[in-house]
file run_39.txt (compact mmCIF, C-alpha atoms and all ligand atoms)
# COMPACT_ATOMS: atom_id res chain seq x y z
CA MET A 1319 62.34 79.72 62.07
CA HIS A 1320 65.62 81.45 61.33
CA ARG A 1321 68.66 80.56 59.27
CA GLU A 1322 72.18 81.96 59.33
CA ILE A 1323 73.07 83.11 55.80
CA ALA A 1324 76.56 84.43 56.66
CA LYS A 1325 78.39 84.71 59.97
CA GLY A 1326 76.19 86.89 62.22
CA VAL A 1327 73.63 87.47 59.43
CA TYR A 1328 70.27 85.73 59.72
CA TYR A 1329 67.14 85.23 57.65
CA VAL A 1330 64.20 85.93 60.00
CA GLY A 1331 61.45 86.41 57.41
CA VAL A 1332 57.99 84.83 57.21
CA ASP A 1333 55.76 83.04 54.70
CA ASP A 1334 52.27 84.31 53.87
CA HIS A 1335 49.91 81.52 52.77
CA HIS A 1336 46.86 83.56 53.61
CA THR A 1337 46.68 86.60 51.32
CA GLU A 1338 44.74 85.63 48.19
CA LEU A 1339 45.55 88.66 46.08
CA PHE A 1340 48.82 90.59 46.48
CA GLU A 1341 48.08 94.33 46.37
CA GLY A 1342 44.43 93.22 46.02
CA LEU A 1343 45.15 92.25 42.40
CA TRP A 1344 47.67 89.46 41.83
CA GLU A 1345 46.98 85.80 42.54
CA LEU A 1346 49.32 84.00 44.92
CA PRO A 1347 48.84 80.27 44.20
CA PHE A 1348 52.09 79.45 46.02
CA GLY A 1349 51.97 82.20 48.68
CA VAL A 1350 54.60 84.89 49.12
CA SER A 1351 57.43 85.54 51.58
CA TYR A 1352 58.24 88.75 53.41
CA ASN A 1353 61.99 88.49 53.90
CA SER A 1354 63.56 90.13 56.89
CA TYR A 1355 67.22 89.93 57.89
CA LEU A 1356 68.97 90.38 61.24
CA ILE A 1357 72.62 91.37 61.56
CA VAL A 1358 74.16 90.79 64.97
CA ASP A 1359 77.35 92.76 65.57
CA GLU A 1360 78.27 95.30 68.28
CA LYS A 1361 75.10 96.93 67.05
CA ILE A 1362 72.06 94.91 65.98
CA ALA A 1363 70.29 95.81 62.75
CA LEU A 1364 67.04 94.48 61.33
CA ILE A 1365 66.70 94.93 57.58
CA GLU A 1366 63.05 95.14 56.46
CA GLY A 1367 60.00 94.23 58.48
CA VAL A 1368 56.94 92.21 57.44
CA LYS A 1369 53.20 92.72 56.90
CA ASP A 1370 51.46 93.38 60.24
CA PRO A 1371 49.62 90.08 60.82
CA TRP A 1372 53.02 88.33 60.79
CA VAL A 1373 54.74 90.54 63.38
CA ASP A 1374 54.57 87.91 66.15
CA GLU A 1375 56.20 85.32 63.92
CA LEU A 1376 58.93 87.82 63.02
CA LEU A 1377 59.52 88.59 66.70
CA ASP A 1378 59.65 84.86 67.53
CA ASN A 1379 62.25 84.35 64.80
CA ILE A 1380 64.34 87.21 66.18
CA ARG A 1381 64.00 85.87 69.77
CA GLU A 1382 65.64 82.62 68.66
CA ILE A 1383 68.79 84.74 68.16
CA VAL A 1384 68.57 87.88 70.35
CA ASP A 1385 66.11 89.82 72.48
CA PRO A 1386 64.29 92.10 70.00
CA ALA A 1387 64.39 94.87 72.61
CA LYS A 1388 68.11 95.08 71.83
CA ILE A 1389 67.67 96.03 68.15
CA ASP A 1390 69.60 99.25 67.44
CA TYR A 1391 68.58 99.89 63.84
CA ILE A 1392 65.54 99.05 61.74
CA VAL A 1393 66.57 99.60 58.14
CA MET A 1394 63.66 100.20 55.81
CA ASN A 1395 64.65 100.05 52.16
CA HIS A 1396 61.08 100.78 51.07
CA MET A 1397 57.94 101.94 52.87
CA GLU A 1398 55.31 99.73 51.17
CA PRO A 1399 53.21 98.18 53.95
CA ASP A 1400 54.05 94.57 52.97
CA HIS A 1401 57.42 95.33 54.63
CA THR A 1402 56.56 98.06 57.10
CA SER A 1403 53.07 97.57 58.54
CA ALA A 1404 54.62 95.55 61.43
CA LEU A 1405 56.45 98.72 62.46
CA PRO A 1406 53.98 100.06 65.08
CA ASP A 1407 54.04 96.71 66.95
CA LEU A 1408 57.77 96.31 66.46
CA ALA A 1409 58.34 99.80 67.86
CA LYS A 1410 56.56 98.86 71.11
CA ILE A 1411 59.23 96.21 71.72
CA ALA A 1412 62.36 97.53 69.99
CA LYS A 1413 61.94 100.78 71.91
CA ASN A 1414 65.53 101.97 71.51
CA ALA A 1415 65.82 101.30 67.80
CA THR A 1416 66.53 103.99 65.26
CA MET A 1417 64.71 103.77 61.92
CA VAL A 1418 67.05 104.11 58.97
CA TYR A 1419 65.69 105.26 55.62
CA THR A 1420 65.94 107.86 52.87
CA ALA A 1421 64.67 111.45 53.14
CA LYS A 1422 61.72 110.58 50.87
CA ALA A 1423 60.73 107.71 53.20
CA ALA A 1424 60.50 109.96 56.27
CA PRO A 1425 57.21 111.72 55.41
CA MET A 1426 55.74 108.39 54.23
CA GLN A 1427 56.58 106.77 57.56
CA LYS A 1428 54.98 109.68 59.37
CA SER A 1429 51.81 109.60 57.28
CA PHE A 1430 51.49 105.79 57.41
CA TYR A 1431 52.37 105.07 61.07
CA ASP A 1432 54.05 107.96 62.90
CA VAL A 1433 55.88 105.63 65.33
CA PRO A 1434 57.73 107.25 68.25
CA LEU A 1435 61.22 105.96 67.32
CA LYS A 1436 64.29 108.00 66.45
CA GLU A 1437 65.04 108.23 62.75
CA LYS A 1438 68.24 108.47 60.75
CA ILE A 1439 68.04 109.77 57.19
CA VAL A 1440 70.75 108.29 55.01
CA GLU A 1441 72.25 109.88 51.92
CA ASP A 1442 73.10 108.00 48.76
CA LEU A 1443 76.21 105.81 49.35
CA GLU A 1444 76.37 106.73 53.04
CA GLU A 1445 77.88 104.08 55.32
CA LEU A 1446 76.87 102.99 58.81
CA SER A 1447 79.24 100.94 60.98
CA LEU A 1448 77.72 98.18 63.12
CA GLY A 1449 81.12 97.26 64.67
CA GLU A 1450 82.94 94.78 62.48
CA LYS A 1451 80.35 95.04 59.73
CA THR A 1452 79.40 98.06 57.64
CA LEU A 1453 76.16 98.89 55.85
CA LYS A 1454 76.25 101.02 52.73
CA PHE A 1455 73.01 102.52 51.43
CA VAL A 1456 72.45 102.89 47.70
CA HIS A 1457 69.47 105.01 46.69
CA ALA A 1458 67.39 103.35 43.96
CA GLN A 1459 64.64 105.82 43.20
CA PHE A 1460 61.47 104.31 41.70
CA LEU A 1461 62.55 100.73 42.08
CA HIS A 1462 59.57 100.69 42.53
CA TRP A 1463 58.62 103.60 44.83
CA PRO A 1464 60.31 107.03 45.03
CA GLU A 1465 61.91 106.44 48.46
CA THR A 1466 63.51 103.07 47.69
CA MET A 1467 67.11 102.18 48.50
CA LEU A 1468 69.22 99.02 48.54
CA THR A 1469 71.42 98.10 51.48
CA TYR A 1470 74.86 96.57 50.93
CA LEU A 1471 76.65 94.63 53.64
CA VAL A 1472 80.22 95.52 52.72
CA GLU A 1473 82.26 92.79 54.46
CA ASP A 1474 79.98 89.90 53.42
CA GLU A 1475 79.22 91.34 49.97
CA ILE A 1476 75.46 90.87 50.36
CA VAL A 1477 72.99 93.14 48.56
CA PHE A 1478 69.66 93.48 50.38
CA SER A 1479 67.87 94.45 47.21
CA CYS A 1480 64.35 95.19 48.49
CA ASP A 1481 61.61 94.42 45.92
CA ALA A 1482 64.14 94.34 43.07
CA PHE A 1483 64.97 90.71 42.20
CA GLY A 1484 61.96 89.62 44.23
CA SER A 1485 59.64 86.74 43.43
CA PHE A 1486 56.23 85.45 44.41
CA GLY A 1487 56.08 82.06 46.14
CA ALA A 1488 56.53 81.19 49.82
CA LEU A 1489 59.91 79.70 50.77
CA ASN A 1490 58.88 76.94 53.20
CA GLY A 1491 62.29 77.02 54.85
CA LYS A 1492 64.21 76.59 51.58
CA ILE A 1493 65.55 80.08 51.29
CA PHE A 1494 68.41 79.70 48.78
CA ASP A 1495 68.45 79.39 44.98
CA ASP A 1496 70.34 76.09 45.29
CA GLU A 1497 67.56 74.59 47.42
CA ILE A 1498 64.57 75.37 45.21
CA ASP A 1499 63.12 74.37 41.85
CA MET A 1500 64.45 77.18 39.66
CA GLY A 1501 61.84 76.57 36.95
CA MET A 1502 59.24 77.57 39.51
CA VAL A 1503 61.34 80.56 40.61
CA GLU A 1504 61.65 81.69 37.01
CA SER A 1505 57.90 81.69 36.38
CA GLU A 1506 56.99 83.22 39.76
CA SER A 1507 59.67 85.95 39.52
CA ARG A 1508 58.60 86.75 35.97
CA ARG A 1509 55.00 87.06 37.15
CA TYR A 1510 56.20 89.25 40.04
CA VAL A 1511 58.06 91.57 37.66
CA SER A 1512 54.99 91.83 35.41
CA ALA A 1513 52.71 92.66 38.32
CA ILE A 1514 54.90 94.93 40.41
CA ILE A 1515 57.75 96.34 38.35
CA THR A 1516 56.43 96.75 34.78
CA SER A 1517 55.73 100.48 35.17
CA TYR A 1518 59.32 101.06 36.29
CA LEU A 1519 61.36 98.96 33.88
CA LYS A 1520 63.73 101.77 32.96
CA PHE A 1521 64.52 102.20 36.67
CA VAL A 1522 65.46 98.51 36.81
CA GLN A 1523 68.00 99.07 34.03
CA ARG A 1524 69.21 102.27 35.75
CA GLY A 1525 69.50 100.64 39.20
CA ILE A 1526 71.48 97.68 37.85
CA ALA A 1527 73.84 100.02 35.94
CA LYS A 1528 74.37 102.11 39.09
CA VAL A 1529 75.35 99.09 41.20
CA GLN A 1530 77.61 97.79 38.41
CA ASP A 1531 79.36 101.19 38.29
CA LEU A 1532 80.11 100.96 42.02
CA GLY A 1533 82.33 97.99 41.16
CA ILE A 1534 81.44 96.17 44.38
CA GLY A 1535 81.70 92.42 44.84
CA ILE A 1536 78.37 90.62 45.08
CA ARG A 1537 78.39 87.25 46.80
CA MET A 1538 74.67 87.15 47.54
CA ILE A 1539 71.50 88.95 46.50
CA ALA A 1540 68.94 88.90 49.29
CA PRO A 1541 65.62 90.41 48.12
CA SER A 1542 62.56 91.13 50.24
CA HIS A 1543 60.40 88.46 48.55
CA GLY A 1544 61.43 85.03 47.29
CA PRO A 1545 64.75 83.20 47.38
CA ILE A 1546 68.22 84.47 48.23
CA TYR A 1547 70.63 84.06 45.33
CA ARG A 1548 74.00 82.67 46.48
CA LYS A 1549 74.82 79.94 43.97
CA ASP A 1550 74.50 82.31 41.02
CA PRO A 1551 73.55 85.86 42.07
CA MET A 1552 73.84 87.10 38.47
CA TRP A 1553 71.16 84.66 37.26
CA ILE A 1554 68.33 86.85 38.55
CA VAL A 1555 70.11 90.06 37.43
CA LYS A 1556 70.35 88.71 33.88
CA LYS A 1557 66.69 87.68 33.98
CA TYR A 1558 65.61 91.13 35.17
CA LEU A 1559 67.70 92.76 32.43
CA GLU A 1560 66.11 90.51 29.82
CA TRP A 1561 62.56 91.09 31.08
CA SER A 1562 63.01 94.85 31.35
CA SER A 1563 64.51 95.19 27.87
CA PRO A 1564 62.44 97.63 25.76
CA GLU A 1565 62.80 95.50 22.60
CA LEU A 1566 59.57 94.03 21.25
CA GLU A 1567 59.35 90.40 20.17
CA LYS A 1568 58.24 89.28 16.73
CA ASN A 1569 55.01 87.70 17.93
CA ALA A 1570 51.33 88.45 18.38
CA VAL A 1571 49.23 88.06 21.52
CA ILE A 1572 45.45 87.94 21.36
CA VAL A 1573 43.65 89.20 24.47
CA TYR A 1574 39.87 89.18 24.47
CA GLY A 1575 36.67 88.94 26.46
CA THR A 1576 33.57 86.91 25.63
CA MET A 1577 30.23 86.08 27.25
CA TYR A 1578 28.58 83.64 24.82
CA GLY A 1579 31.35 82.78 22.40
CA MET A 1580 30.67 85.19 19.50
CA THR A 1581 33.87 87.16 20.04
CA HIS A 1582 35.64 83.92 20.91
CA ARG A 1583 34.83 82.64 17.38
CA LEU A 1584 36.75 85.60 15.91
CA ALA A 1585 39.61 85.14 18.39
CA VAL A 1586 40.23 81.48 17.58
CA ASN A 1587 39.96 82.11 13.84
CA LEU A 1588 42.50 84.92 14.07
CA LYS A 1589 44.77 82.62 16.03
CA LYS A 1590 44.41 79.87 13.43
CA GLU A 1591 45.16 82.24 10.53
CA LEU A 1592 48.19 83.68 12.32
CA MET A 1593 49.52 80.18 12.99
CA ASN A 1594 48.97 79.29 9.30
CA LEU A 1595 51.10 82.30 8.39
CA GLY A 1596 53.88 81.13 10.70
CA VAL A 1597 53.33 83.85 13.32
CA GLU A 1598 54.09 82.90 16.92
CA VAL A 1599 50.86 83.61 18.77
CA LYS A 1600 49.44 83.35 22.29
CA LEU A 1601 45.83 83.78 23.31
CA HIS A 1602 44.30 84.93 26.60
CA ASN A 1603 40.61 84.93 27.49
CA LEU A 1604 40.46 87.62 30.19
CA SER A 1605 37.75 85.73 32.09
CA TYR A 1606 40.17 82.85 32.68
CA SER A 1607 43.79 84.01 32.43
CA GLU A 1608 45.40 85.50 35.53
CA LEU A 1609 46.19 89.18 34.91
CA SER A 1610 49.92 88.98 35.71
CA LYS A 1611 50.27 86.12 33.17
CA VAL A 1612 48.49 88.23 30.56
CA ILE A 1613 50.83 91.15 31.31
CA THR A 1614 53.88 88.84 31.16
CA ASP A 1615 52.92 87.77 27.65
CA THR A 1616 51.76 91.14 26.36
CA MET A 1617 54.52 93.39 27.78
CA ARG A 1618 56.84 92.77 24.86
CA ALA A 1619 54.46 91.37 22.24
CA GLY A 1620 55.23 92.82 18.79
CA ILE A 1621 51.53 93.22 18.03
CA LEU A 1622 48.74 93.15 20.51
CA VAL A 1623 45.36 91.96 19.22
CA ILE A 1624 42.44 92.96 21.43
CA GLY A 1625 38.88 91.69 21.08
CA THR A 1626 35.68 92.71 22.83
CA PRO A 1627 31.93 92.19 22.78
CA THR A 1628 29.77 95.24 23.41
CA TYR A 1629 28.50 95.44 26.95
CA ASP A 1630 25.99 98.14 27.86
CA ALA A 1631 27.28 100.21 24.92
CA PHE A 1632 30.89 99.93 26.14
CA PRO A 1633 33.71 97.40 25.74
CA PHE A 1634 33.43 94.29 27.91
CA PRO A 1635 34.45 95.38 31.47
CA LYS A 1636 37.43 93.00 31.69
CA VAL A 1637 38.78 94.27 28.36
CA TRP A 1638 38.24 97.88 29.42
CA SER A 1639 40.05 97.22 32.68
CA PHE A 1640 42.93 95.41 30.94
CA VAL A 1641 43.49 98.34 28.57
CA ASN A 1642 43.50 100.70 31.57
CA GLU A 1643 46.05 98.46 33.25
CA MET A 1644 48.21 98.60 30.10
CA GLN A 1645 48.18 102.36 30.35
CA GLY A 1646 49.14 102.35 34.04
CA LYS A 1647 51.91 99.86 33.33
CA ARG A 1648 53.18 102.18 30.58
CA PHE A 1649 53.42 99.41 28.04
CA MET A 1650 55.75 100.29 25.22
CA LYS A 1651 53.92 101.58 22.17
CA ARG A 1652 53.26 99.03 19.46
CA PRO A 1653 50.64 98.48 16.71
CA ILE A 1654 47.32 97.20 17.98
CA ALA A 1655 44.77 95.14 16.06
CA LEU A 1656 41.12 95.21 17.12
CA PHE A 1657 38.11 92.96 16.66
CA GLY A 1658 34.76 92.48 18.30
CA THR A 1659 31.06 91.78 18.13
CA PHE A 1660 27.82 93.49 19.12
CA GLY A 1661 24.09 92.77 19.28
CA TRP A 1662 22.35 95.98 18.24
CA GLY A 1663 23.89 99.47 18.50
CA GLY A 1664 27.53 98.46 19.04
CA GLY A 1665 29.94 100.83 20.77
CA GLY A 1666 32.34 98.25 22.22
CA VAL A 1667 34.99 98.17 19.50
CA PHE A 1668 34.40 101.81 18.63
CA LYS A 1669 35.07 103.05 22.16
CA LEU A 1670 37.98 100.68 22.54
CA ARG A 1671 39.53 102.15 19.40
CA LYS A 1672 39.16 105.69 20.77
CA MET A 1673 40.79 104.64 24.00
CA ILE A 1674 43.72 103.00 22.21
CA GLU A 1675 44.20 105.98 19.90
CA ALA A 1676 44.20 108.31 22.92
CA MET A 1677 47.18 106.24 24.12
CA LYS A 1678 48.87 107.24 20.86
CA CYS A 1679 49.02 103.67 19.54
CA GLU A 1680 48.54 102.84 15.90
CA VAL A 1681 45.41 100.80 15.16
CA LEU A 1682 45.88 98.36 12.27
CA GLU A 1683 43.27 98.14 9.50
CA PRO A 1684 40.94 96.38 9.02
CA VAL A 1685 39.21 96.48 12.39
CA VAL A 1686 36.97 93.39 12.35
CA ARG A 1687 33.58 94.37 13.74
CA VAL A 1688 30.68 91.91 13.51
CA ARG A 1689 26.98 91.98 14.36
CA GLY A 1690 26.01 88.73 16.04
CA ARG A 1691 27.68 85.45 15.19
CA PRO A 1692 30.54 85.85 12.70
CA ASN A 1693 29.58 84.37 9.30
CA GLU A 1694 31.87 82.89 6.62
CA GLN A 1695 32.56 86.29 5.04
CA GLU A 1696 33.49 87.79 8.40
CA ILE A 1697 35.74 84.87 9.17
CA GLU A 1698 37.44 85.71 5.84
CA ASP A 1699 38.04 89.22 7.22
CA CYS A 1700 40.04 87.60 10.01
CA LYS A 1701 42.31 86.22 7.27
CA LYS A 1702 42.89 89.74 5.96
CA LEU A 1703 43.71 91.07 9.40
CA ALA A 1704 46.01 88.12 10.09
CA LYS A 1705 47.89 88.86 6.85
CA VAL A 1706 48.35 92.52 7.85
CA ILE A 1707 49.67 91.42 11.27
CA ALA A 1708 52.03 88.86 9.72
CA ASP A 1709 53.40 91.41 7.23
CA ARG A 1710 54.00 93.94 10.01
CA LEU A 1711 55.96 91.43 12.05
CA LYS A 1712 58.30 90.60 9.16
C1 LIG A 1801 24.90 92.08 29.52
C2 LIG A 1801 24.96 92.37 28.05
C3 LIG A 1801 24.98 93.68 27.60
C4 LIG A 1801 25.03 93.98 26.25
N1 LIG A 1801 25.04 95.28 25.83
C5 LIG A 1801 25.06 95.56 24.48
C6 LIG A 1801 25.00 96.89 24.01
O1 LIG A 1801 24.92 97.85 24.79
N2 LIG A 1801 25.05 97.14 22.70
C7 LIG A 1801 25.14 96.12 21.77
O2 LIG A 1801 25.21 96.38 20.57
N3 LIG A 1801 25.18 94.83 22.20
C8 LIG A 1801 25.13 94.53 23.52
N4 LIG A 1801 25.13 93.23 23.94
C9 LIG A 1801 25.19 92.16 22.94
C10 LIG A 1801 26.57 91.57 22.76
O3 LIG A 1801 27.53 92.60 22.57
C11 LIG A 1801 26.62 90.64 21.58
O4 LIG A 1801 25.68 89.61 21.78
C12 LIG A 1801 28.00 90.06 21.37
O5 LIG A 1801 28.10 89.43 20.12
C13 LIG A 1801 28.36 89.02 22.46
O6 LIG A 1801 29.62 88.50 22.19
P1 LIG A 1801 30.21 87.34 23.10
O7 LIG A 1801 29.35 86.12 22.86
O8 LIG A 1801 31.61 87.18 22.60
O9 LIG A 1801 30.13 87.80 24.49
C14 LIG A 1801 25.08 92.93 25.30
C15 LIG A 1801 25.06 91.60 25.76
C16 LIG A 1801 25.01 91.33 27.11
C17 LIG A 1801 24.97 89.90 27.56
FE FE A 1802 57.00 97.21 47.06
FE FE A 1803 57.37 94.21 48.53
call {"tool": "encode", "arguments": {"input": "run_39.txt", "output": "structure tokens"}}
result
Amino acid sequence: MHREIAKGVYYVGVDDHHTELFEGLWELPFGVSYNSYLIVDEKIALIEGVKDPWVDELLDNIREIVDPAKIDYIVMNHMEPDHTSALPDLAKIAKNATMVYTAKAAPMQKSFYDVPLKEKIVEDLEELSLGEKTLKFVHAQFLHWPETMLTYLVEDEIVFSCDAFGSFGALNGKIFDDEIDMGMVESESRRYVSAIITSYLKFVQRGIAKVQDLGIGIRMIAPSHGPIYRKDPMWIVKKYLEWSSPELEKNAVIVYGTMYGMTHRLAVNLKKELMNLGVEVKLHNLSYSELSKVITDTMRAGILVIGTPTYDAFPFPKVWSFVNEMQGKRFMKRPIALFGTFGWGGGGVFKLRKMIEAMKCEVLEPVVRVRGRPNEQEIEDCKKLAKVIADRLK
């Protein structure tokens, strides 16, 4: 399948309904697309590849338009294998193509694939003429890897924005924002940002400011995953700016683990007390909530409330792993409230506290720590903690 998105510019990407976890971590209930674009001018350029199992489908899509052996340039905005692992097979067919990427991408390409094609290293804002059309390359370091760039098609005013402005969800032939349910796009792009971009939010703000300073016209934003924005290209830019804003919200999110419901009893009581105090609150049981949804809700939560049972003298593994993920995602610092239960020696909440304090986050008092099933008095302690949280959020 291919579709012309502007004169001589084609969508030739593919849908992946097979991968269960993106990057081995993030659920894909609606699949994901690897978007690839073909520009046919005096020279022929392919912008982005796909993940390797989909190379034949990509080649078939290209063959509907031109013989892939005639490709002159393969532009790689980013070296992550979801866009580049088709390269070794592509190189066997597009034998005369030149790979176009940044200087930082060159050693990555060599270490990942080492394909025997010519390469062209492009500087920031360098232009490449394809005949009537011109490509302009805009370096966008750490959006979300160090070698990333965006490619701008000058005459058609299309930004090929790589992973920036991307979204989960396969396209099923409906490739434009005006053809898709935008409610679905909003939740899947938000989940995508949480999973993939959270560690690099300041680079999102920086990248958007850089493109705005160039003062170029933008008629379309064509990312490497998810829909192409042509009806309202600024919609997704505004969303990304909102989601990457460092401001915390005036709410609390409770994230906890539980095996037999002891810790759960504290979690639901805390939630009830917070609601009674008028605090906006969300709750995630880590054994059920999908991690990217938990990150979406916790990224900007004013106060994060974390609960854990003790498991082999440590915090519950899913809680431990979530807190590690928070650290990797460089969550903005904010006060953290802690609660938990244990059966004999404890250690869960205690070690969790140490871990949080090592991240230089303030731990609110009281920490609610209970042996066995929380009794009436201990449920009262939840009230105290809820009050402290509510006062902090004022
Ligand atoms: C597999 C397993 C390991 C546990 N390890 C410890 C432990 O090392 N130290 C401790 O004090 N309690 C331990 N416990 C007891 C639980 O921490 C305690 O029962 C807790 O209240 C369970 O809370 P939950 O029902 O919310 O999961 C363990 C329980 C299980 C099931
Ligand atoms: Fe990527
Ligand atoms: Fe990607």
call {"tool": "closest_residue", "arguments": {"input": "run_39.txt", "among": "A:His1457, A:Lys1701, A:Arg1508, A:Lys1589", "to": "Arg1524 in chain A", "atoms": "all atoms listed in the file"}}
result
A:His1457
call {"tool": "residues_around", "arguments": {"input": "run_39.txt", "residues": "Ser1505 in chain A", "least_positions_apart": "2", "cutoff": "10 Å", "atoms": "all atoms listed in the file", "output": "PyMOL selection string"}}
result
chain A and resi 1485-1487+1500-1503+1507-1511+1611+1614
call {"tool": "residues_around", "arguments": {"input": "run_39.txt", "residues": "Tyr1606 in chain A", "least_positions_apart": "6", "cutoff": "12 Å", "atoms": "all atoms listed in the file", "output": "ChimeraX atom specification"}}
result
/A:1573-1577,1612,1636
call {"tool": "residues_near_point", "arguments": {"input": "run_39.txt", "point": "(53.4, 99.8, 20.7)", "cutoff": "12 Å", "atoms": "all atoms listed in the file", "output": "number ranges by chain"}}
result
A: 1564-1567, 1570, 1616-1623, 1644-1645, 1648-1655, 1674-1675, 1677-1682
call {"tool": "closest_residue", "arguments": {"input": "run_39.txt", "among": "A:Leu1489, A:Ala1513, A:Ile1411, A:Met1673", "to": "ligand FE 1803 (chain A)", "atoms": "only C-alpha atoms and all ligand atoms"}}
result
A:Ala1513
call {"tool": "closest_residue", "arguments": {"input": "run_39.txt", "among": "A:Trp1638, A:Tyr1547, A:Phe1657, A:Phe1632", "to": "ligand LIG 1801 (chain A)", "atoms": "all atoms listed in the file"}}
result
A:Phe1632
call {"tool": "residues_near_ligand", "arguments": {"input": "run_39.txt", "ligand": "ligand FE 1803 (chain A)", "cutoff": "8 Å", "atoms": "all atoms listed in the file", "output": "list in words"}}
result
Tyr1352, His1396, Glu1398, Pro1399, Asp1400, His1401, Cys1480, Asp1481, Gly1484, Ser1542 and His1543 of chain A
call {"tool": "closest_atom_pairs", "arguments": {"input": "run_39.txt", "of": "chain A", "to": "ligand LIG 1801 (chain A)", "cutoff": "10 Å", "atoms": "all atoms listed in the file", "output": "JSON lines"}}
result
{"residue": "A:Tyr1574", "atom": "CA", "partner": "A:LIG1801", "partner_atom": "O8", "distance": 8.7}
{"residue": "A:Gly1575", "atom": "CA", "partner": "A:LIG1801", "partner_atom": "O8", "distance": 6.6}
{"residue": "A:Thr1576", "atom": "CA", "partner": "A:LIG1801", "partner_atom": "O8", "distance": 3.6}
{"residue": "A:Met1577", "atom": "CA", "partner": "A:LIG1801", "partner_atom": "O9", "distance": 3.3}
{"residue": "A:Tyr1578", "atom": "CA", "partner": "A:LIG1801", "partner_atom": "O7", "distance": 3.3}
{"residue": "A:Gly1579", "atom": "CA", "partner": "A:LIG1801", "partner_atom": "O7", "distance": 3.9}
{"residue": "A:Met1580", "atom": "CA", "partner": "A:LIG1801", "partner_atom": "O7", "distance": 3.7}
{"residue": "A:Thr1581", "atom": "CA", "partner": "A:LIG1801", "partner_atom": "O8", "distance": 3.4}
{"residue": "A:His1582", "atom": "CA", "partner": "A:LIG1801", "partner_atom": "O8", "distance": 5.5}
{"residue": "A:Arg1583", "atom": "CA", "partner": "A:LIG1801", "partner_atom": "O8", "distance": 7.6}
{"residue": "A:Leu1584", "atom": "CA", "partner": "A:LIG1801", "partner_atom": "O8", "distance": 8.6}
{"residue": "A:Ala1585", "atom": "CA", "partner": "A:LIG1801", "partner_atom": "O8", "distance": 9.3}
{"residue": "A:Gly1625", "atom": "CA", "partner": "A:LIG1801", "partner_atom": "O8", "distance": 8.7}
{"residue": "A:Thr1626", "atom": "CA", "partner": "A:LIG1801", "partner_atom": "O8", "distance": 6.9}
{"residue": "A:Pro1627", "atom": "CA", "partner": "A:LIG1801", "partner_atom": "O6", "distance": 4.4}
{"residue": "A:Thr1628", "atom": "CA", "partner": "A:LIG1801", "partner_atom": "O3", "distance": 3.6}
{"residue": "A:Tyr1629", "atom": "CA", "partner": "A:LIG1801", "partner_atom": "N1", "distance": 3.6}
{"residue": "A:Asp1630", "atom": "CA", "partner": "A:LIG1801", "partner_atom": "O1", "distance": 3.3}
{"residue": "A:Ala1631", "atom": "CA", "partner": "A:LIG1801", "partner_atom": "O1", "distance": 3.3}
{"residue": "A:Phe1632", "atom": "CA", "partner": "A:LIG1801", "partner_atom": "O1", "distance": 6.5}
{"residue": "A:Pro1633", "atom": "CA", "partner": "A:LIG1801", "partner_atom": "O3", "distance": 8.4}
{"residue": "A:Phe1634", "atom": "CA", "partner": "A:LIG1801", "partner_atom": "O9", "distance": 8.0}
{"residue": "A:Gly1658", "atom": "CA", "partner": "A:LIG1801", "partner_atom": "O8", "distance": 7.5}
{"residue": "A:Thr1659", "atom": "CA", "partner": "A:LIG1801", "partner_atom": "O5", "distance": 4.3}
{"residue": "A:Phe1660", "atom": "CA", "partner": "A:LIG1801", "partner_atom": "O3", "distance": 3.6}
{"residue": "A:Gly1661", "atom": "CA", "partner": "A:LIG1801", "partner_atom": "N3", "distance": 3.7}
{"residue": "A:Trp1662", "atom": "CA", "partner": "A:LIG1801", "partner_atom": "O2", "distance": 3.7}
{"residue": "A:Gly1663", "atom": "CA", "partner": "A:LIG1801", "partner_atom": "O2", "distance": 3.9}
{"residue": "A:Gly1664", "atom": "CA", "partner": "A:LIG1801", "partner_atom": "O2", "distance": 3.5}
{"residue": "A:Gly1665", "atom": "CA", "partner": "A:LIG1801", "partner_atom": "N2", "distance": 6.4}
{"residue": "A:Gly1666", "atom": "CA", "partner": "A:LIG1801", "partner_atom": "N2", "distance": 7.4}
{"residue": "A:Val1667", "atom": "CA", "partner": "A:LIG1801", "partner_atom": "O3", "distance": 9.8}
{"residue": "A:Arg1687", "atom": "CA", "partner": "A:LIG1801", "partner_atom": "O5", "distance": 9.8}
{"residue": "A:Val1688", "atom": "CA", "partner": "A:LIG1801", "partner_atom": "O5", "distance": 7.5}
{"residue": "A:Arg1689", "atom": "CA", "partner": "A:LIG1801", "partner_atom": "O5", "distance": 6.4}
{"residue": "A:Gly1690", "atom": "CA", "partner": "A:LIG1801", "partner_atom": "O5", "distance": 4.6}
{"residue": "A:Arg1691", "atom": "CA", "partner": "A:LIG1801", "partner_atom": "O5", "distance": 6.3}
{"residue": "A:Pro1692", "atom": "CA", "partner": "A:LIG1801", "partner_atom": "O5", "distance": 8.6}
call {"tool": "closest_residue", "arguments": {"input": "run_39.txt", "among": "A:Trp1463, A:Phe1430, A:Tyr1419, A:Tyr1329", "to": "ligand FE 1802 (chain A)", "atoms": "only C-alpha atoms and all ligand atoms"}}
result
A:Trp1463
call {"tool": "atom_distance", "arguments": {"input": "run_39.txt", "atom1": "CA of Leu1592 in chain A", "atom2": "CA of Glu1694 in chain A"}}
result
17.3 Å
call {"tool": "atom_distance", "arguments": {"input": "run_39.txt", "atom1": "CA of Pro1464 in chain A", "atom2": "CA of Glu1341 in chain A"}}
result
17.7 Å
call {"tool": "atom_distance", "arguments": {"input": "run_39.txt", "atom1": "CA of Trp1553 in chain A", "atom2": "CA of Ser1517 in chain A"}}
result
22.2 Å
